[in-house]
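Dumped start-v8.txt below, it's compact mmCIF, C-alpha atoms:
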# COMPACT_ATOMS: atom_id res chain seq x y z
CA MET A 1 -0.84 38.72 5.98
CA ALA A 2 -0.79 41.52 3.38
CA PRO A 3 1.43 43.88 5.47
CA GLU A 4 4.04 41.16 5.98
CA ILE A 5 4.11 40.28 2.27
CA ALA A 6 4.30 43.96 1.32
CA ARG A 7 7.23 44.48 3.67
CA ARG A 8 9.16 41.53 2.28
CA CYS A 9 8.37 42.34 -1.36
CA LYS A 10 9.00 46.07 -0.79
CA THR A 11 5.72 47.13 -2.39
CA SER A 12 2.90 49.39 -1.24
CA LEU A 13 0.37 48.01 1.22
CA ALA A 14 -2.60 49.00 -0.98
CA ASP A 15 -1.27 47.09 -3.98
CA MET A 16 -0.55 44.02 -1.89
CA LYS A 17 -4.03 44.06 -0.31
CA ALA A 18 -5.58 44.20 -3.78
CA LEU A 19 -3.40 41.28 -4.89
CA VAL A 20 -4.29 39.17 -1.84
CA ASP A 21 -8.02 39.89 -2.27
CA ALA A 22 -7.87 38.89 -5.94
CA PHE A 23 -6.07 35.66 -5.05
CA CYS A 24 -8.60 34.76 -2.34
CA LYS A 25 -11.54 35.36 -4.66
CA ALA A 26 -9.97 33.24 -7.42
CA SER A 27 -9.24 30.33 -5.06
CA LEU A 28 -12.61 30.41 -3.28
CA GLN A 29 -14.64 27.26 -3.87
CA PRO A 30 -18.32 27.86 -4.67
CA LEU A 31 -20.81 26.64 -2.10
CA GLN A 32 -22.91 23.58 -2.92
CA ARG A 33 -26.17 22.31 -1.54
CA LEU A 34 -26.08 18.89 0.08
CA GLU A 35 -28.69 17.58 -2.32
CA GLU A 36 -26.39 18.45 -5.22
CA ILE A 37 -23.49 16.40 -3.86
CA LYS A 38 -23.37 12.73 -4.81
CA HIS A 39 -23.25 10.32 -1.93
CA VAL A 40 -19.70 9.06 -1.53
CA GLY A 41 -19.26 5.30 -1.44
CA ASN A 42 -22.43 4.17 -3.19
CA GLU A 43 -20.40 1.96 -5.53
CA LYS A 44 -18.01 -0.80 -4.49
CA ILE A 45 -15.43 -2.90 -6.30
CA THR A 46 -14.97 -6.48 -5.16
CA THR A 47 -11.49 -7.78 -4.42
CA GLY A 48 -12.48 -11.23 -5.61
CA ASP A 49 -12.24 -12.61 -2.07
CA PRO A 50 -15.31 -12.56 0.25
CA ARG A 51 -13.27 -12.39 3.46
CA LEU A 52 -11.16 -9.53 2.14
CA ASP A 53 -14.29 -7.68 0.98
CA HIS A 54 -15.77 -8.05 4.46
CA ALA A 55 -12.56 -6.72 6.07
CA LEU A 56 -12.71 -3.64 3.82
CA GLY A 57 -16.34 -2.89 4.59
CA GLY A 58 -17.80 -4.47 1.45
CA GLY A 59 -14.97 -3.87 -1.02
CA ILE A 60 -13.12 -0.90 -2.48
CA ARG A 61 -15.55 2.04 -2.38
CA THR A 62 -15.48 4.87 -4.86
CA GLY A 63 -14.96 8.46 -3.74
CA MET A 64 -12.15 7.46 -1.36
CA ILE A 65 -8.36 7.34 -1.29
CA TRP A 66 -7.16 3.85 -0.38
CA GLU A 67 -3.54 3.24 0.56
CA VAL A 68 -1.83 -0.15 0.34
CA ALA A 69 1.61 -0.12 1.96
CA GLY A 70 4.13 -2.89 2.41
CA GLU A 71 7.67 -4.04 1.84
CA SER A 72 9.01 -5.54 -1.36
CA ALA A 73 7.37 -8.80 -2.48
CA ALA A 74 4.46 -8.38 -0.05
CA GLY A 75 1.84 -8.40 -2.82
CA LYS A 76 0.91 -4.72 -3.27
CA THR A 77 1.12 -4.78 -7.06
CA GLN A 78 -0.70 -8.12 -7.16
CA LEU A 79 -3.71 -6.58 -5.42
CA ALA A 80 -3.64 -3.52 -7.68
CA LEU A 81 -3.56 -5.64 -10.85
CA GLN A 82 -6.33 -7.83 -9.49
CA LEU A 83 -8.58 -4.82 -8.88
CA SER A 84 -7.78 -3.36 -12.32
CA LEU A 85 -9.46 -6.41 -13.86
CA LEU A 86 -12.25 -6.91 -11.31
CA VAL A 87 -13.55 -3.35 -11.77
CA GLN A 88 -14.52 -4.36 -15.32
CA LEU A 89 -16.96 -7.04 -14.14
CA PRO A 90 -20.71 -6.34 -14.27
CA PRO A 91 -22.38 -5.25 -11.01
CA ARG A 92 -23.93 -8.69 -10.49
CA LEU A 93 -20.39 -10.09 -10.08
CA GLY A 94 -19.11 -7.26 -7.88
CA GLY A 95 -17.65 -4.95 -10.52
CA LEU A 96 -18.78 -1.64 -11.99
CA SER A 97 -18.59 -2.41 -15.74
CA SER A 98 -15.87 0.21 -15.88
CA SER A 99 -12.19 0.58 -16.68
CA ALA A 100 -9.04 1.40 -14.73
CA CYS A 101 -6.17 3.85 -15.09
CA TYR A 102 -2.83 2.45 -13.90
CA ILE A 103 -0.16 5.11 -13.26
CA THR A 104 3.40 3.83 -12.87
CA THR A 105 6.31 5.84 -11.48
CA SER A 106 9.40 3.64 -11.89
CA SER A 107 8.37 0.72 -14.08
CA THR A 108 5.90 -0.32 -16.76
CA LEU A 109 2.57 -2.08 -16.46
CA PRO A 110 3.22 -5.85 -16.00
CA THR A 111 0.88 -7.05 -18.75
CA THR A 112 2.14 -10.63 -18.53
CA ARG A 113 1.03 -10.84 -14.90
CA LEU A 114 -2.30 -9.23 -15.81
CA LEU A 115 -2.96 -11.96 -18.37
CA GLN A 116 -1.99 -14.61 -15.85
CA ILE A 117 -4.51 -13.29 -13.31
CA LEU A 118 -7.15 -12.97 -16.03
CA ASN A 119 -6.75 -16.62 -17.01
CA ALA A 120 -6.52 -17.99 -13.46
CA HIS A 121 -9.03 -16.00 -11.39
CA PRO A 122 -12.43 -17.75 -11.08
CA LEU A 123 -14.45 -14.53 -11.51
CA LEU A 124 -12.60 -13.26 -14.57
CA SER A 125 -12.98 -14.18 -18.22
CA SER A 126 -11.89 -12.68 -21.53
CA THR A 127 -15.52 -12.03 -22.47
CA LEU A 128 -16.11 -9.75 -19.45
CA CYS A 129 -12.79 -7.94 -19.10
CA GLY A 130 -9.45 -7.47 -20.78
CA LEU A 131 -6.29 -5.43 -21.02
CA SER A 132 -7.90 -2.92 -23.39
CA ASN A 133 -9.80 -1.48 -20.42
CA VAL A 134 -6.65 -0.92 -18.35
CA HIS A 135 -5.19 2.44 -19.39
CA THR A 136 -1.63 3.14 -18.31
CA ILE A 137 0.78 6.05 -18.26
CA SER A 138 4.22 6.58 -16.73
CA THR A 139 5.04 9.56 -14.48
CA PRO A 140 8.73 9.44 -13.51
CA THR A 141 8.71 12.82 -11.73
CA ILE A 142 6.50 14.70 -9.28
CA ALA A 143 5.86 17.44 -11.84
CA ALA A 144 4.70 14.87 -14.39
CA LEU A 145 2.34 13.27 -11.87
CA LEU A 146 0.82 16.65 -10.96
CA GLN A 147 0.31 17.43 -14.64
CA ILE A 148 -1.44 14.10 -15.20
CA LEU A 149 -3.67 14.43 -12.12
CA SER A 150 -4.62 18.08 -12.65
CA THR A 151 -5.03 18.25 -16.44
CA THR A 152 -4.70 15.02 -18.42
CA LEU A 153 -6.83 12.74 -16.24
CA PRO A 154 -9.77 15.15 -15.78
CA GLN A 155 -9.96 15.63 -19.54
CA PHE A 156 -9.80 11.89 -20.11
CA LEU A 157 -12.45 11.17 -17.46
CA ALA A 158 -14.78 13.77 -18.95
CA SER A 159 -14.39 12.26 -22.42
CA LYS A 160 -15.63 8.82 -21.27
CA PRO A 161 -18.81 9.45 -19.25
CA ASN A 162 -20.72 6.36 -20.39
CA ASP A 163 -18.50 4.04 -22.44
CA ARG A 164 -16.60 2.09 -19.77
CA PRO A 165 -15.95 5.10 -17.50
CA ILE A 166 -12.85 5.17 -15.33
CA LYS A 167 -13.74 4.03 -11.80
CA LEU A 168 -10.33 3.01 -10.47
CA ILE A 169 -7.07 4.99 -10.50
CA VAL A 170 -3.92 3.21 -9.31
CA ILE A 171 -0.60 4.91 -8.48
CA ASP A 172 2.27 2.40 -8.29
CA SER A 173 3.99 3.69 -6.27
CA LEU A 174 3.92 7.18 -4.75
CA ALA A 175 6.99 6.92 -2.51
CA GLU A 176 9.20 6.11 -5.51
CA LEU A 177 8.93 9.74 -6.62
CA PHE A 178 10.49 10.99 -3.39
CA HIS A 179 13.62 8.84 -3.49
CA THR A 180 16.67 11.07 -3.48
CA SER A 181 20.36 10.84 -2.71
CA ALA A 182 20.39 14.32 -1.19
CA GLN A 183 20.76 14.74 2.54
CA THR A 184 17.50 15.05 4.44
CA THR A 185 17.12 18.57 5.79
CA THR A 186 14.32 20.80 6.99
CA ASN A 187 14.03 22.32 3.53
CA THR A 188 13.73 18.95 1.80
CA LEU A 189 11.06 17.83 4.28
CA VAL A 190 9.10 21.04 3.74
CA GLU A 191 9.34 20.61 -0.02
CA ARG A 192 8.19 17.00 0.25
CA SER A 193 5.23 18.02 2.40
CA ARG A 194 4.27 20.68 -0.14
CA SER A 195 4.40 18.15 -3.00
CA VAL A 196 2.40 15.59 -1.02
CA SER A 197 -0.26 18.21 -0.27
CA GLU A 198 -0.54 19.22 -3.93
CA ILE A 199 -0.86 15.59 -5.02
CA SER A 200 -3.47 14.95 -2.31
CA VAL A 201 -5.61 17.90 -3.43
CA CYS A 202 -5.64 16.54 -6.98
CA LEU A 203 -6.54 13.03 -5.79
CA HIS A 204 -9.40 14.21 -3.57
CA THR A 205 -10.74 16.36 -6.39
CA LEU A 206 -10.77 13.39 -8.78
CA ALA A 207 -12.31 11.07 -6.19
CA SER A 208 -15.16 13.41 -5.25
CA LYS A 209 -15.91 14.98 -8.63
CA TYR A 210 -15.82 11.82 -10.75
CA GLN A 211 -16.65 9.27 -8.01
CA VAL A 212 -13.61 7.09 -8.66
CA ALA A 213 -11.66 4.93 -6.24
CA ILE A 214 -8.04 6.01 -5.77
CA LEU A 215 -5.61 3.19 -4.88
CA VAL A 216 -2.14 4.43 -3.90
CA LEU A 217 0.69 1.97 -3.31
CA ASN A 218 3.26 3.03 -0.74
CA GLU A 219 6.45 1.74 0.84
CA VAL A 220 7.50 1.07 4.43
CA VAL A 221 10.59 2.02 6.41
CA ASP A 222 12.28 0.30 9.33
CA VAL A 223 11.39 1.34 12.87
CA PHE A 224 14.34 1.77 15.21
CA VAL A 225 14.13 1.67 19.00
CA ARG A 226 14.82 5.13 20.41
CA GLN A 227 15.88 6.17 23.86
CA ILE A 228 13.52 9.03 24.73
CA SER A 229 14.50 11.26 27.62
CA PRO A 230 11.91 12.30 30.22
CA GLU A 231 12.36 15.95 29.18
CA TRP A 232 10.92 15.16 25.74
CA LEU A 233 7.85 13.53 27.27
CA ASP A 234 7.19 16.63 29.37
CA ASN A 235 6.99 18.79 26.25
CA GLY A 236 3.84 17.09 24.95
CA LEU A 237 3.00 14.40 22.44
CA LEU A 238 5.86 12.99 20.38
CA TYR A 239 5.37 11.98 16.76
CA PHE A 240 7.34 8.76 17.30
CA GLU A 241 5.01 7.81 20.14
CA GLN A 242 1.82 8.65 18.24
CA SER A 243 2.75 7.34 14.77
CA LYS A 244 2.45 3.73 15.95
CA TRP A 245 -1.33 4.18 16.03
CA PHE A 246 -1.71 5.17 12.37
CA SER A 247 1.50 4.03 10.60
CA ARG A 248 2.17 0.54 11.97
CA ALA A 249 0.31 -2.73 12.35
CA HIS A 250 0.10 -4.66 15.61
CA SER A 251 -1.88 -7.81 14.83
CA ILE A 252 1.11 -10.07 15.56
CA PRO A 253 4.38 -9.38 17.39
CA LEU A 254 7.19 -7.85 15.32
CA GLU A 255 4.71 -6.62 12.70
CA ASP A 256 5.32 -3.12 14.05
CA SER A 257 8.97 -3.23 12.96
CA LYS A 258 7.88 -1.53 9.71
CA GLU A 259 6.24 1.88 9.37
CA VAL A 260 4.39 3.39 6.42
CA SER A 261 6.40 5.97 4.51
CA LEU A 262 5.70 9.67 3.71
CA GLY A 263 4.91 10.76 7.26
CA LEU A 264 2.02 12.58 8.92
CA VAL A 265 1.11 14.88 6.03
CA TRP A 266 0.23 11.96 3.78
CA ALA A 267 -1.41 9.95 6.58
CA ASN A 268 -3.93 12.77 7.06
CA GLN A 269 -4.95 12.55 3.39
CA VAL A 270 -5.92 8.88 3.04
CA ASN A 271 -9.33 7.49 3.96
CA ALA A 272 -8.16 3.93 4.51
CA ARG A 273 -4.70 2.49 5.16
CA MET A 274 -3.81 -1.18 4.68
CA LEU A 275 -0.47 -2.81 5.44
CA LEU A 276 0.83 -5.99 3.78
CA SER A 277 3.56 -7.84 5.68
CA ARG A 278 5.90 -10.71 4.95
CA THR A 279 5.62 -12.78 8.10
CA GLY A 280 8.28 -15.43 7.48
CA ARG A 281 5.69 -18.07 8.45
CA ARG A 282 4.84 -21.14 6.40
CA ARG A 283 1.76 -23.29 6.41
CA TYR A 284 0.41 -26.38 4.67
CA ILE A 285 -2.46 -25.13 2.50
CA SER A 286 -5.54 -27.21 1.73
CA LYS A 287 -8.80 -26.42 -0.06
CA ASP A 288 -10.47 -25.87 3.33
CA ASP A 289 -8.00 -23.07 4.11
CA LEU A 290 -9.15 -21.15 1.02
CA GLY A 291 -12.82 -21.49 2.00
CA THR A 292 -15.57 -21.85 -0.58
CA ARG A 293 -13.76 -19.98 -3.33
CA ILE A 294 -14.50 -21.54 -6.70
CA GLN A 295 -11.45 -22.70 -8.61
CA LYS A 296 -11.39 -22.07 -12.34
CA PRO A 297 -10.64 -25.29 -14.26
CA SER A 298 -7.60 -24.97 -16.48
CA HIS A 299 -6.26 -27.59 -18.84
CA ASP A 300 -3.54 -25.55 -20.50
CA ALA A 301 -2.12 -23.37 -17.76
CA ALA A 302 0.45 -24.74 -15.38
CA PRO A 303 -0.59 -25.17 -11.72
CA THR A 304 0.08 -22.27 -9.41
CA ARG A 305 3.18 -22.15 -7.28
CA SER A 306 1.07 -22.44 -4.14
CA HIS A 307 -0.69 -25.53 -5.44
CA GLN A 308 2.60 -27.04 -6.51
CA THR A 309 4.08 -26.61 -3.05
CA SER A 310 0.99 -28.12 -1.44
CA THR A 311 1.18 -31.09 -3.77
CA ASP A 312 4.85 -31.58 -3.01
CA GLN A 313 4.10 -31.46 0.73
CA GLU A 314 5.95 -28.18 1.15
CA ALA A 315 4.67 -25.36 3.33
CA THR A 316 3.43 -22.19 1.61
CA LEU A 317 4.69 -18.74 2.52
CA ILE A 318 2.10 -16.81 4.57
CA ARG A 319 1.67 -13.04 4.47
CA ARG A 320 -0.42 -10.74 6.69
CA PHE A 321 -3.05 -8.19 5.63
CA THR A 322 -3.95 -5.54 8.22
CA VAL A 323 -6.40 -2.65 8.07
CA ILE A 324 -4.67 -0.02 10.21
CA PHE A 325 -7.50 2.51 9.95
CA SER A 326 -10.48 3.08 7.68
CA SER A 327 -13.46 5.41 7.53
CA VAL A 328 -15.75 2.54 6.49
CA ALA A 329 -14.44 -0.50 8.41
CA PRO A 330 -12.89 -1.33 11.80
CA PRO A 331 -9.25 -2.43 12.16
CA THR A 332 -8.79 -6.10 11.32
CA SER A 333 -6.14 -8.56 10.20
CA LEU A 334 -6.05 -11.62 7.92
CA ASP A 335 -3.54 -14.15 6.65
CA TYR A 336 -3.22 -14.43 2.87
CA ILE A 337 -1.17 -16.05 0.15
CA VAL A 338 -0.24 -14.92 -3.35
CA THR A 339 -1.29 -17.39 -6.04
CA GLU A 340 -1.46 -17.36 -9.81
CA ALA A 341 -4.96 -15.85 -9.49
CA GLY A 342 -3.82 -13.04 -7.18
CA ILE A 343 -4.32 -12.58 -3.45
CA SER A 344 -6.34 -15.18 -1.51
CA THR A 345 -7.06 -14.92 2.22
CA LEU A 346 -7.01 -17.95 4.48
CA VAL A 347 -9.65 -19.23 6.87
CA ASP A 348 -8.68 -18.74 10.51
CA ASN A 349 -9.70 -21.97 12.21
CA ASN A 350 -7.72 -21.36 15.38
CA SER A 351 -9.62 -18.40 16.77
CA SER A 352 -13.28 -18.02 17.64
CA ALA A 353 -12.90 -14.34 18.44
CA SER A 354 -13.85 -11.67 15.99
CA GLN A 355 -11.24 -10.32 13.65
CA THR A 356 -11.23 -6.92 15.32
CA GLU A 357 -10.22 -8.54 18.62
CA GLN A 358 -7.06 -9.96 17.04
CA VAL A 359 -5.45 -6.54 16.65
CA LEU A 360 -2.94 -5.97 19.45
CA ALA A 361 -2.44 -2.64 21.16
CA PRO A 362 0.92 -0.98 20.46
CA PRO A 363 3.43 -1.26 23.31
CA SER A 364 4.09 1.93 25.23
CA LEU A 365 7.49 3.43 25.93
CA GLU A 366 7.17 2.64 29.63
CA HIS A 367 6.30 -1.03 28.99
CA PRO A 368 8.06 -2.17 25.81
CA ALA A 369 7.23 -5.48 24.19
CA PRO A 370 9.38 -8.45 25.32
CA PRO A 371 11.89 -9.95 22.89
CA VAL A 372 10.62 -12.60 20.52
CA ALA A 373 12.89 -15.26 21.94
CA SER A 374 11.50 -14.80 25.45
CA VAL A 375 7.93 -14.95 24.15
CA LEU A 376 8.60 -18.25 22.42
CA GLU A 377 10.39 -19.73 25.42
CA ASP A 378 7.88 -18.55 28.03
CA ASP A 379 4.76 -19.70 26.20
CA PRO A 380 4.31 -23.46 26.84
CA SER A 381 1.19 -23.54 24.65
CA ILE A 382 3.31 -23.27 21.49
CA PRO A 383 4.67 -26.69 20.47
CA ARG A 384 8.37 -26.46 19.66
CA SER A 385 7.84 -28.50 16.48
CA GLN A 386 5.56 -25.79 15.05
CA LEU A 387 7.88 -22.84 15.54
CA PRO A 388 9.46 -22.88 12.05
CA LEU A 389 6.10 -23.35 10.33
CA ASP A 390 3.19 -21.30 11.59
CA VAL A 391 4.07 -19.15 14.56
CA GLY A 392 2.21 -15.86 14.74
CA PHE A 393 5.22 -13.60 14.43
CA ALA A 394 6.26 -11.28 11.66
CA GLU A 395 9.57 -11.88 9.99
CA ASP A 396 12.57 -10.90 12.10
CA LEU A 397 15.27 -10.02 9.58
CA THR A 398 18.03 -10.46 12.17
CA ASN A 399 17.20 -14.11 12.84
CA ALA A 400 15.20 -15.13 9.80
CA ASN A 401 16.35 -17.75 7.37
CA LEU A 402 18.22 -15.99 4.57
CA GLU A 403 15.93 -17.38 1.93
CA VAL A 404 14.86 -15.14 -0.92
CA ALA A 405 11.12 -14.87 -1.40
CA GLU A 406 9.60 -16.46 -4.47
CA ASP A 407 8.93 -13.15 -6.23
CA ASP A 408 11.77 -10.99 -4.84
CA GLU A 409 13.55 -10.82 -8.19
CA TRP A 410 15.99 -7.98 -7.52
CA GLU A 411 17.43 -9.53 -4.37
CA GLN A 412 17.93 -12.82 -6.18
CA TYR A 413 19.56 -11.00 -9.12
CA TRP A 414 22.20 -9.23 -7.03
CA LYS A 415 22.84 -12.40 -5.08
CA ASP A 416 23.57 -14.39 -8.24
CA TYR A 417 25.26 -11.70 -10.34
CA ASP A 418 27.23 -9.58 -7.89
CA LEU A 419 30.16 -7.86 -9.61
CA PRO A 420 33.72 -8.91 -8.67
CA GLU A 421 35.87 -6.52 -6.67
CA HIS A 422 38.24 -5.74 -9.56
CA VAL A 423 35.38 -3.98 -11.38
CA TYR A 424 35.09 -1.49 -8.55
CA SER A 425 38.87 -1.05 -8.28
CA ASP A 426 39.17 -0.41 -12.03
CA ALA A 427 36.47 2.24 -11.75
CA GLY A 428 38.43 4.08 -9.09
CA PHE A 429 36.40 3.03 -6.03
CA ASP A 430 38.10 2.03 -2.81
CA VAL A 431 36.80 -1.46 -2.03
CA GLY A 432 38.98 -2.11 0.98
CA ALA A 433 38.80 -0.57 4.41
CA PRO A 434 39.72 3.12 4.72
CA THR A 435 43.22 3.95 5.87
CA VAL A 436 44.43 6.85 7.97
CA ASN A 437 47.48 8.73 6.69
Written as structure tokens, how would this file's structure read?
Amino acid sequence: MAPEIARRCKTSLADMKALVDAFCKASLQPLQRLEEIKHVGNEKITTGDPRLDHALGGGIRTGMIWEVAGESAAGKTQLALQLSLLVQLPPRLGGLSSSACYITTSSTLPTTRLLQILNAHPLLSSTLCGLSNVHTISTPTIAALLQILSTTLPQFLASKPNDRPIKLIVIDSLAELFHTSAQTTTNTLVERSRSVSEISVCLHTLASKYQVAILVLNEVVDVFVRQISPEWLDNGLLYFEQSKWFSRAHSIPLEDSKEVSLGLVWANQVNARMLLSRTGRRRYISKDDLGTRIQKPSHDAAPTRSHQTSTDQEATLIRRFTVIFSSVAPPTSLDYIVTEAGISTLVDNNSSASQTEQVLAPPSLEHPAPPVASVLEDDPSIPRSQLPLDVGFAEDLTNANLEVAEDDEWEQYWKDYDLPEHVYSDAGFDVGAPTVN
């Protein structure tokens, strides 16, 4: 390595060897005895839902990097806010008597929603937890995030060893920092991979040194069907063919139409990956569907949206939670709803099989999955009257009802307040179709 660097830098080989040796010695990590290393995962944070805790291997463990990916309005932020309060509970209730650090990249901490969860969740109360134990900071750029993770956070964690120590760090969301209008090239991908690696090193250092749980929210991208030539298959494994095993969910058909963002470099850094999906299904919710979860009595607060729809005999929107891979739990999948108290999973009364058996194998290139329409038509076991309500298929955006989700605020905003065409014409934009001179 030194001769090549010396040739490119046009310096002497002896000087470059001395420089490389000095760099290697400075970056060398000291060896540690196993007895000196704390056991990773001794502590767990409850999600407030017994079925979800079981799916995650007992809850959110410290010393790990957890990724929650999903499309807009799937409930990623709801789960993060829920955990930011539950980590403050005493150990007898599933918490760690600790505090949380919530890092935002493109927005501010939704304190109003935090208070709503605090007042509605059956495990939470103002005497056990509050907003004062949720520390927040905004990092609008990659450089700012690296500065926070490498310098600011370690100093802050070291200053609070006993008084409500930080045990949960949330990043909402990582993919926002990599949004750019520039054309994607090899150089931009290399630069993104370098930034992802630097961020990952900081996160693993914080998780192992301070025994905190890292929760990173991520986005998804659409998966397009590709025509792969036989020559490509002869050259070895293709990323597109292999990514379906670690970047997509397959618990129900069409769920694999979305893929987790940030690619292979980031996928190799996380210890557990969860995917939240909007299924487009609806279901009539009863108390039996929520299991034995205790409901907090409330005389002042308005009933939740889910309870209102159940009372009005309207079906509730169902979402899907899938563990794609985890170092502490097998792959599994659950239905859930978003209520005033946060995320609540639903009891599966239609299947006696274990949850791990519900995960479908990804279709291969040689035997692609059949279209949804043919599946519905060929399966006589599915009553036609139930198709719009609770069919086990993820939302197909090409055929789905163009109904805006309850909490998809931006889509509703642009639908209601779209600017007239004369605004664009006055600004110098060409609204009409292009013409050829």
Counting only C-alpha atoms, select every polymer residue within 10 Å of (3.8, 19.9, -9.7) as defined in the file's coordinates, and provide the selection as a compact mmCIF listing (two decimals) with C-alpha atoms, in the coordinates of the input.
# COMPACT_ATOMS: atom_id res chain seq x y z
CA THR A 141 8.71 12.82 -11.73
CA ILE A 142 6.50 14.70 -9.28
CA ALA A 143 5.86 17.44 -11.84
CA ALA A 144 4.70 14.87 -14.39
CA LEU A 145 2.34 13.27 -11.87
CA LEU A 146 0.82 16.65 -10.96
CA GLN A 147 0.31 17.43 -14.64
CA ILE A 148 -1.44 14.10 -15.20
CA LEU A 149 -3.67 14.43 -12.12
CA SER A 150 -4.62 18.08 -12.65
CA ARG A 194 4.27 20.68 -0.14
CA SER A 195 4.40 18.15 -3.00
CA VAL A 196 2.40 15.59 -1.02
CA GLU A 198 -0.54 19.22 -3.93
CA ILE A 199 -0.86 15.59 -5.02
Using Å and a single decimal, report how far atom CA of Gln78 of chain A sits from atom CA of Ser126 of chain A.
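Atom CA of Gln78 of chain A lies at a distance of 18.8 Å from atom CA of Ser126 of chain A.
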Measure the distance from atom CA of Asn268 of chain A to atom CA of Val220 of chain A in Å and round it to one decimal.
16.6 Å
Just to confirm, what's the straight-line distance from atom CA of Ser27 of chain A to atom CA of Glu4 of chain A in Å (one decimal)?
20.4 Å
Write out as an mmCIF file with C-alpha atoms, in the coordinates of the input which residues come within 10 Å of Gln116 of chain A when counting all atoms listed in the file, dropping same-chain ones fewer than 5 positions away.
data_model
loop_
_atom_site.group_PDB
_atom_site.id
_atom_site.type_symbol
_atom_site.label_atom_id
_atom_site.label_comp_id
_atom_site.auth_asym_id
_atom_site.auth_seq_id
_atom_site.Cartn_x
_atom_site.Cartn_y
_atom_site.Cartn_z
ATOM 1 C CA THR A 111 0.880 -7.050 -18.750
ATOM 2 C CA HIS A 121 -9.030 -16.000 -11.390
ATOM 3 C CA ALA A 301 -2.120 -23.370 -17.760
ATOM 4 C CA GLU A 340 -1.460 -17.360 -9.810
ATOM 5 C CA ALA A 341 -4.960 -15.850 -9.490
ATOM 6 C CA GLY A 342 -3.820 -13.040 -7.180
#
Which residue of A:Val270, A:Thr345, A:Pro91, A:Ala249 approaches Lys287 of chain A most closely, using only C-alpha atoms:
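Answer, going by the shortest atom-to-atom distance: A:Thr345.
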Go ahead and find all residues with at least one atom no further than 8 Å from (-4.8, -13.9, 9.5) in the file's coordinates, using only C-alpha atoms; report them as a PyMOL selection string.
chain A and resi 320-321+333-336+345-348
If you take all atoms listed in the file and a cut-off of 10 Å, which residues of segment 38-122 of chain A touch segment 276-281 of chain A, and what are their nearest atom pairs and distances in Å to one decimal, in chain and number order, as CSV?
residue,atom,partner,partner_atom,distance
A:Val68,CA,A:Leu276,CA,7.3
A:Ala69,CA,A:Leu276,CA,6.2
A:Gly70,CA,A:Leu276,CA,4.7
A:Glu71,CA,A:Ser277,CA,6.8
A:Ser72,CA,A:Arg278,CA,8.7
A:Ala73,CA,A:Arg278,CA,7.8
A:Ala74,CA,A:Arg278,CA,5.7
A:Gly75,CA,A:Leu276,CA,7.1
A:Lys76,CA,A:Leu276,CA,7.2
Residue nearest Ser243 of chain A - candidates A:Met1, A:Val20, A:Ile324, A:Ala158, atoms counted: all atoms listed in the file:
A:Ile324
For Leu93 of chain A, which residue out of A:Leu123, A:Cys24, A:Leu168, A:Ile117 is the nearest one, using only C-alpha atoms?
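Going through A:Leu123, A:Cys24, A:Leu168, A:Ile117 one by one, the smallest distance to Leu93 of chain A is for A:Leu123.
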Might you pull out every residue within 9 Å of Ile5 of chain A, with all atoms listed in the file counted and same-chain residues fewer than 6 positions away left off, and present them as a PyMOL selection string?
chain A and resi 11+13+16
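Shortest separation to Leu19 of chain A among A:Leu85, A:Ala6, A:Leu275, A:Ala100 occurs at residue A:Ala6, atoms counted being all atoms listed in the file.
Of the listed residues A:Met64, A:Leu153, A:Ala182, A:Leu189, the one whose atoms come nearest to Gln269 of chain A is A:Met64, with distances taken using all atoms listed in the file.
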Counting all atoms listed in the file, which of A:Pro331, A:Lys44, A:Leu206, A:Ser261 gets nearest to Ile65 of chain A?
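The closest residue to Ile65 of chain A is A:Leu206.
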Completion step: segment 157-164 of chain A with N, CA and C atoms as a compact mmCIF listing (two decimals), in the coordinates of the input:
# COMPACT_ATOMS: atom_id res chain seq x y z
N LEU A 157 -11.25 11.63 -18.16
CA LEU A 157 -12.45 11.17 -17.46
C LEU A 157 -13.70 11.81 -18.03
N ALA A 158 -13.62 13.08 -18.39
CA ALA A 158 -14.78 13.77 -18.95
C ALA A 158 -15.12 13.28 -20.34
N SER A 159 -14.14 12.73 -21.06
CA SER A 159 -14.39 12.26 -22.42
C SER A 159 -15.01 10.87 -22.46
N LYS A 160 -15.06 10.17 -21.31
CA LYS A 160 -15.63 8.82 -21.27
C LYS A 160 -16.69 8.74 -20.18
N PRO A 161 -17.80 9.46 -20.31
CA PRO A 161 -18.81 9.45 -19.25
C PRO A 161 -19.63 8.17 -19.20
N ASN A 162 -19.83 7.51 -20.34
CA ASN A 162 -20.72 6.36 -20.39
C ASN A 162 -20.03 5.09 -20.89
N ASP A 163 -19.15 5.20 -21.86
CA ASP A 163 -18.50 4.04 -22.44
C ASP A 163 -17.35 3.58 -21.56
N ARG A 164 -17.60 2.61 -20.69
CA ARG A 164 -16.60 2.09 -19.77
C ARG A 164 -15.88 3.22 -19.04
